[in-house]
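In what follows, a single structure is set out as structure tokens and then discussed.
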Amino acid sequence: MRVLVVTAVPVERDAVTRAFGGTPQLLDLPGAELHRSGAFDVLAGGAGPAAAAAAAAFALASSASAPGPYGLVVSAGIGGGFAPAAPLGSLVVASDIVAADLGAETPDGFLPVTALGFGRDRFAPPPTLVREVAAATGAAPGPVLTVSTVTGTAARTAALLTAYPGALAEAMEGFGVAEAAERAGVPVLELRAVSNTVGPRDRAAWRIGDALAALTEAFGKTGPVLEGWNRHDH
């Protein structure tokens with residue numbers, strides 16, 4: 001089974017491919033360069049849900065992207081963690097991939113798109129796979145929020161946790177990747193390493209290097225799980 005891994009930026013892509021060793025094969029896709037390491041195809045699709053969805057969809061549809069169909073798509077990278085549940089350097093695997101700001105503002109507060117009577121605001125990765133990845137890596141399972149604007153205030157942090165109790169992390173691409181995977185009929189997973197705490201922006205406190213190292217270590221541990229996992233057996 002082949003696995004497609006979609007990150008936002010090249011440093012995240014390279015952190016993933018380092019876990020597999022050797023020099024990846026480079027393949028050109030529209031708007032992206034795909035790095036192939038064994039059963040894993042890894043690409044940096046761009047920041048935000050729209051870029052991530054487009055990149056994932058092109059890779060899934062391209063006859064040049066893989067010798068066989070993908071059996072799993074993974075949204076991966078670094079992200080913000082909600083304290084104290086997801087501390088710096090920790091790993092989070094999404095039990096739910098949630099579009100946290102897709103909807104409408106009203107005088108009574110935010111309404112998700114589903115409350116407007118159309119669309120969807122979340123995807124649920126296969127629970128068995130979430131448990132296996134959590135066991136292999138030590139990642140905490142829980143909701144991961146997709147946002148188009150990174151949270152930078154205490155008020156916004158509180159609002160997100162009120163709307164989505166139990167949320168562990170936020171990032172910008174997971175929901176877009178999940179949309180593309182869903183339309184291709186392929187299961188999706190999201191795995192994040194925490195580089196900063198969600199809340200007031202404090203760049204001096206961010207630990208991007210540590211998070212990228214944790215991402216590499218995570219794929220080193222979970223690579224065999226992802227490669228061997230078959231959705232028809234679960």
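Naming scheme: A, B, ... for chains in displayed order of the structure tokens; residues 1 onward per chain; ligands 1 onward as shown.
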
task: Write out as a list in words which residues come within 8 Å of stretch 76-87 of chain A when counting only C-alpha atoms, dropping same-chain ones fewer than 6 positions away.
output: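 Within the cut-off, the hits are Val5, Val6, Thr7, Ala8, Glu12, Arg13, Ala140, Ala167, Leu168, Ala169, Glu170, Ala171, Gly174, Glu190, Leu191, Arg192, Ala193, Val194, Ser195, Asn196, Thr197, Val198, Ile208, Ala211, Leu212 and Leu215 of chain A.
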
For stretch 49-118 of chain A versus stretch 22-30 of chain A, which residues have an atom no more than 8 Å away, and what is each residue's nearest atom pair and distance in Å rounded to one decimal, using only C-alpha atoms, chain-then-number order, as JSON lines?
{"residue": "A:Ala55", "atom": "CA", "partner": "A:Pro30", "partner_atom": "CA", "distance": 7.9}
{"residue": "A:Phe58", "atom": "CA", "partner": "A:Pro30", "partner_atom": "CA", "distance": 7.1}
{"residue": "A:Ala59", "atom": "CA", "partner": "A:Leu29", "partner_atom": "CA", "distance": 7.0}
{"residue": "A:Ser62", "atom": "CA", "partner": "A:Leu29", "partner_atom": "CA", "distance": 7.8}
{"residue": "A:Ser65", "atom": "CA", "partner": "A:Leu27", "partner_atom": "CA", "distance": 7.5}

- request: Would you please give, as a ChimeraX atom specification, all residues of stretch 45-84 of chain A that DSSP assigns to strand (DSSP E or B) based on the backbone?
  value: /A:70-81

- request: Could you please determine the separation between atom CA of A:Gly48 and atom CA of A:Gly152 in Å, to one decimal place?
  value: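 Atom-to-atom, atom CA of A:Gly48 and atom CA of A:Gly152 are spaced 16.3 Å apart.
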
message: At a cut-off of 12 Å, using only C-alpha atoms, what residues contact A:Ser148? Leave out same-chain residues fewer than 4 positions from it and give the result as a list in words.
response: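 Final neighbour list, sorted by chain and number: Ala47, Gly48, Pro49, Ala50, Ala51, Ala52, Val98, Ala99, Ala100, Asp101, Leu102, Glu170, Ala171, Met172, Glu173, Gly174, Phe175 and Gly176 of chain A.
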
- prompt: Which is closest to A:Gly71 among A:Ala56, A:Ala218, A:Leu145, A:Met1, if we use only C-alpha atoms?
  reply: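 Nearest to A:Gly71: A:Met1.
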
- prompt: Could you pull the residues within 12 Å of A:Leu4, counting only C-alpha atoms, minus those fewer than 5 positions along the same chain, as a PyMOL selection string?
  reply: chain A and resi 13+16-17+34-45+55-61+65-66+68-76+177-178+180-181+186-190+223+226-227

- prompt: Could you state the separation of atom CA of A:Glu132 and atom CA of A:Glu182 in Å, given to one decimal place?
  reply: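 These two atoms are separated by 21.0 Å.
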
field: Which residue of A:Glu33, A:Asp210, A:Asp202, A:Glu179 approaches A:Ala53 most closely, using only C-alpha atoms
entry: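 Closest candidate: A:Glu179.
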
- request: Counting only C-alpha atoms, figure out which residue out of A:Arg2, A:Arg18, A:Arg183, A:Arg201 gets nearest to A:Arg156.
  value: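 Comparing A:Arg2, A:Arg18, A:Arg183, A:Arg201 against A:Arg156, the winner is A:Arg201.
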
task: Work out how far apart atom CA of A:Thr151 and atom CA of A:Gly117 are and give it in Å to one decimal.
output: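 Rounded to one decimal, the two atoms are 26.5 Å apart.
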
message: Measuring between only C-alpha atoms, which one of A:Gly138, A:Gly199, A:Gly185, A:Pro224 shows the shortest distance to A:Val93?
response: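 Closest candidate: A:Gly138.
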